[in-house]
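Structure data (compact mmCIF, C-alpha atoms (C1' of nucleotides)) from coords_1.txt:
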```txt
# COMPACT_ATOMS: atom_id res chain seq x y z
CA MET A 9 0.87 10.09 -7.54
CA PRO A 10 0.37 10.61 -4.30
CA GLY A 11 -1.06 12.85 -1.76
CA TYR A 12 0.99 11.69 0.99
CA ILE A 13 1.27 13.03 4.46
CA SER A 14 3.18 11.27 7.19
CA PRO A 15 1.55 10.12 10.40
CA PRO A 16 1.92 12.47 13.42
CA ASP A 17 4.42 10.02 14.88
CA PRO A 18 5.90 7.91 12.05
CA ALA A 19 8.08 5.81 14.33
CA ALA A 20 5.20 4.84 16.60
CA TYR A 21 2.93 4.14 13.65
CA ARG A 22 5.44 1.80 12.07
CA GLN A 23 5.72 -0.12 15.34
CA LYS A 24 1.95 -0.66 15.43
CA VAL A 25 1.91 -1.81 11.82
CA TRP A 26 4.69 -4.34 12.37
CA ALA A 27 3.03 -5.63 15.54
CA LEU A 28 -0.16 -6.35 13.60
CA VAL A 29 1.57 -7.91 10.60
CA ARG A 30 3.42 -10.25 12.94
CA GLN A 31 0.00 -11.58 14.00
CA ILE A 32 -0.98 -12.71 10.51
CA PRO A 33 -0.85 -16.54 10.43
CA ALA A 34 1.13 -18.29 7.70
CA GLY A 35 -1.08 -19.17 4.76
CA GLN A 36 -3.23 -16.07 5.22
CA VAL A 37 -2.99 -12.48 3.98
CA ALA A 38 -4.19 -9.00 4.92
CA THR A 39 -4.60 -5.84 2.86
CA TYR A 40 -2.87 -2.54 3.56
CA GLY A 41 -6.23 -0.98 4.26
CA GLN A 42 -7.14 -3.76 6.63
CA ILE A 43 -4.02 -3.20 8.70
CA ALA A 44 -4.62 0.54 8.71
CA ALA A 45 -8.19 0.00 9.88
CA LEU A 46 -6.90 -1.86 12.92
CA ILE A 47 -4.93 1.19 13.98
CA PRO A 48 -6.82 4.11 15.54
CA PRO A 49 -6.84 7.22 13.29
CA PRO A 50 -5.02 10.25 14.70
CA SER A 51 -7.48 12.36 16.67
CA GLY A 52 -9.03 15.10 14.60
CA MET A 53 -8.56 13.34 11.27
CA ASP A 54 -11.68 12.51 9.30
CA PRO A 55 -12.21 8.74 8.83
CA HIS A 56 -12.65 9.02 5.07
CA SER A 57 -9.20 10.38 4.32
CA TYR A 58 -7.63 8.03 6.83
CA LEU A 59 -8.91 5.14 4.76
CA SER A 60 -6.61 5.84 1.84
CA LEU A 61 -3.84 7.66 3.66
CA GLY A 62 -3.56 5.04 6.37
CA ALA A 63 -3.14 2.34 3.76
CA ARG A 64 -0.18 4.18 2.30
CA TRP A 65 1.31 4.76 5.72
CA VAL A 66 1.19 1.01 6.16
CA GLY A 67 2.88 0.64 2.81
CA SER A 68 5.75 2.92 3.68
CA ALA A 69 6.05 1.21 7.05
CA MET A 70 6.51 -2.10 5.24
CA ALA A 71 9.21 -0.56 3.05
CA SER A 72 11.55 -0.76 6.01
CA CYS A 73 10.61 -3.55 8.32
CA PRO A 74 12.55 -5.83 10.70
CA GLU A 75 13.53 -9.37 9.70
CA ASP A 76 10.92 -10.98 11.91
CA VAL A 77 8.01 -9.35 10.10
CA PRO A 78 6.16 -11.54 7.53
CA TRP A 79 5.94 -8.66 5.03
CA GLN A 80 4.89 -10.98 2.22
CA ARG A 81 1.47 -11.46 3.81
CA VAL A 82 0.40 -7.88 3.13
CA ILE A 83 -1.15 -7.17 -0.29
CA ASN A 84 -3.46 -4.57 -1.83
CA SER A 85 -7.26 -4.53 -1.84
CA GLN A 86 -7.37 -6.14 -5.25
CA GLY A 87 -5.66 -9.22 -3.95
CA LYS A 88 -2.51 -8.41 -5.89
CA ILE A 89 1.11 -7.87 -4.99
CA SER A 90 1.79 -4.18 -4.79
CA LEU A 91 5.54 -4.11 -5.24
CA SER A 92 6.90 -2.21 -8.24
CA ASN A 93 10.25 -3.94 -8.10
CA PRO A 94 9.92 -7.11 -10.24
CA ARG A 95 12.55 -8.94 -8.24
CA ALA A 96 10.87 -8.29 -4.90
CA ALA A 97 7.42 -9.02 -6.33
CA GLN A 98 8.56 -12.41 -7.58
CA GLU A 99 10.06 -13.18 -4.22
CA GLN A 100 6.86 -12.24 -2.43
CA ARG A 101 4.83 -14.47 -4.71
CA THR A 102 7.20 -17.38 -4.16
CA LEU A 103 7.04 -16.96 -0.40
CA LEU A 104 3.23 -16.91 -0.42
CA GLU A 105 2.99 -19.93 -2.66
CA SER A 106 5.33 -21.79 -0.32
CA GLU A 107 2.76 -21.12 2.41
CA GLY A 108 0.08 -22.75 0.30
CA ILE A 109 -1.51 -19.62 -1.15
CA LEU A 110 -2.61 -19.94 -4.77
CA PHE A 111 -2.67 -17.22 -7.45
CA ASP A 112 -5.26 -17.16 -10.23
CA ALA A 113 -4.59 -16.57 -13.93
CA HIS A 114 -4.52 -12.82 -13.30
CA ASP A 115 -1.88 -13.01 -10.56
CA ARG A 116 -4.55 -12.35 -7.97
CA ILE A 117 -5.17 -14.01 -4.61
CA ASP A 118 -8.70 -15.00 -3.63
CA LEU A 119 -9.22 -12.76 -0.60
CA SER A 120 -12.53 -14.39 0.28
CA ARG A 121 -10.51 -17.51 0.94
CA TYR A 122 -7.19 -16.34 2.32
CA ARG A 123 -7.97 -13.04 4.03
CA TRP A 124 -6.93 -12.96 7.67
CA GLN A 125 -9.98 -12.62 9.91
CA SER A 126 -8.51 -9.91 12.11
CA PRO A 127 -9.97 -9.55 15.64
C1' DG B 26 17.32 24.97 -2.67
C1' DT B 27 15.43 21.55 -6.36
C1' DT B 28 13.90 17.32 -8.02
C1' DG B 29 12.19 12.79 -8.20
C1' DT B 30 9.47 9.45 -6.20
C1' DG B 31 6.59 6.64 -3.77
C1' DA B 32 4.28 -1.79 -0.28
C1' DC B 33 -2.95 2.29 -1.69
C1' DA B 34 -8.11 2.56 -2.18
C1' DT B 35 -11.97 3.99 -4.94
C1' DC B 36 -14.70 5.44 -8.55
C1' DG B 37 -15.89 5.94 -13.48
C1' DC B 38 -15.82 4.03 -18.32
C1' DC C 18 -14.52 -7.32 -14.90
C1' DG C 19 -10.33 -4.58 -15.87
C1' DC C 20 -7.71 -0.58 -16.99
C1' DG C 21 -7.06 4.39 -16.08
C1' DA C 22 -7.55 8.65 -13.58
C1' DT C 23 -7.70 10.86 -8.84
C1' DG C 24 -6.21 12.34 -4.26
C1' DC C 25 -2.08 16.30 -3.50
C1' DC C 26 2.75 15.64 0.47
C1' DA C 27 7.10 14.32 2.94
C1' DC C 28 11.73 12.93 2.45
C1' DA C 29 16.01 11.39 0.57
C1' DA C 30 19.80 12.55 -2.73
```
What do you get writing this file as structure tokens?
Amino acid sequence: MPGYISPPDPAAYRQKVWALVRQIPAGQVATYGQIAALIPPPSGMDPHSYLSLGARWVGSAMASCPEDVPWQRVINSQGKISLSNPRAAQEQRTLLESEGILFDAHDRIDLSRYRWQSP
DNA sequence: GTTGTGACATCGC
DNA sequence: CGCGATGCCACAA
């Protein structure tokens, strides 16, 4: 799949991602693209490609995050869980439901209702 | 040195 | 409204 280039400074990028995710209140969610949009694109990169690449950088950053990061609150733009691993996906859903977030018949979350209004 | 493999967003049918 | 194709590279084993 992927066209996938790493950020100029992967370590620093991950830190920014985690810092933002930690700000998402319980009971609310944010999309990968939303998180990426809150982080300044590397200078010289065109905004259009950052839109999709940044989202994936956020994704890979979430793949290895500290315990204190509410990783379950980050989903894709379709309002669905983006984990391929069935076990992990089920766990994420359970965690979100325990925070009061409801899933519709298509396993989707109503973003217009639960999306985090980021600053 | 090769090979497999990705926590996405968007656009077209 | 939903499923499928596209973009096209770094990194671990």
(message) Taking 6 positions as the minimum chain separation for residues in the same chain, which residues sit within 12 Å of DA22 in chain C when counting all atoms listed in the file? Answer as an MDAnalysis selection string.
(response) (chainID A and resid 9) or (chainID B and resid 35:38)
(request) Compile the contact shell of Lys24 in chain A as a PyMOL selection string: residues with an atom at most 8 Å away, counting only C-alpha atoms (C1' of nucleotides), same-chain residues fewer than 4 positions apart removed. (result) chain A and resi 20+28+47
Let's have the selection written as a PDB file, in the coordinates of the input, with C-alpha atoms.
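Saved result, selection-v1.pdb, follows:
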```
ATOM      1  CA  ALA A  20       5.200   4.840  16.600  1.00  0.00           C
ATOM      2  CA  LEU A  28      -0.160  -6.350  13.600  1.00  0.00           C
ATOM      3  CA  ILE A  47      -4.930   1.190  13.980  1.00  0.00           C
TER       4      ILE A  47
END
```
(message) What's around range 90-102 of chain A at 7 Å? Count only C-alpha atoms (C1' of nucleotides), leave out sequence neighbours fewer than 3 positions away in its own chain, and write the answer as a PyMOL selection string.
(response) (chain A and resi 80+83-84+105-106) or (chain B and resi 32)
Kindly provide, as an mmCIF file with C-alpha atoms, in the coordinates of the input, the residues of chain A having any atom no farther than 7 Å from an atom of chain B, counting all atoms listed in the file.
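Written file, result25.cif:
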```
data_model
loop_
_atom_site.group_PDB
_atom_site.id
_atom_site.type_symbol
_atom_site.label_atom_id
_atom_site.label_comp_id
_atom_site.auth_asym_id
_atom_site.auth_seq_id
_atom_site.Cartn_x
_atom_site.Cartn_y
_atom_site.Cartn_z
ATOM 1 C CA SER A 60 -6.610 5.840 1.840
ATOM 2 C CA ALA A 63 -3.140 2.340 3.760
ATOM 3 C CA ARG A 64 -0.180 4.180 2.300
ATOM 4 C CA GLY A 67 2.880 0.640 2.810
ATOM 5 C CA SER A 68 5.750 2.920 3.680
ATOM 6 C CA MET A 70 6.510 -2.100 5.240
ATOM 7 C CA ALA A 71 9.210 -0.560 3.050
ATOM 8 C CA ASN A 84 -3.460 -4.570 -1.830
ATOM 9 C CA SER A 90 1.790 -4.180 -4.790
ATOM 10 C CA LEU A 91 5.540 -4.110 -5.240
#
```
(message) Need to verify the contact set: Tyr12 in chain A, 8 Å, all atoms listed in the file, exclusion of same-chain residues closer than 3 positions in sequence. Can you return it as a ChimeraX atom specification?
(response) /A:61,64 /C:25-27
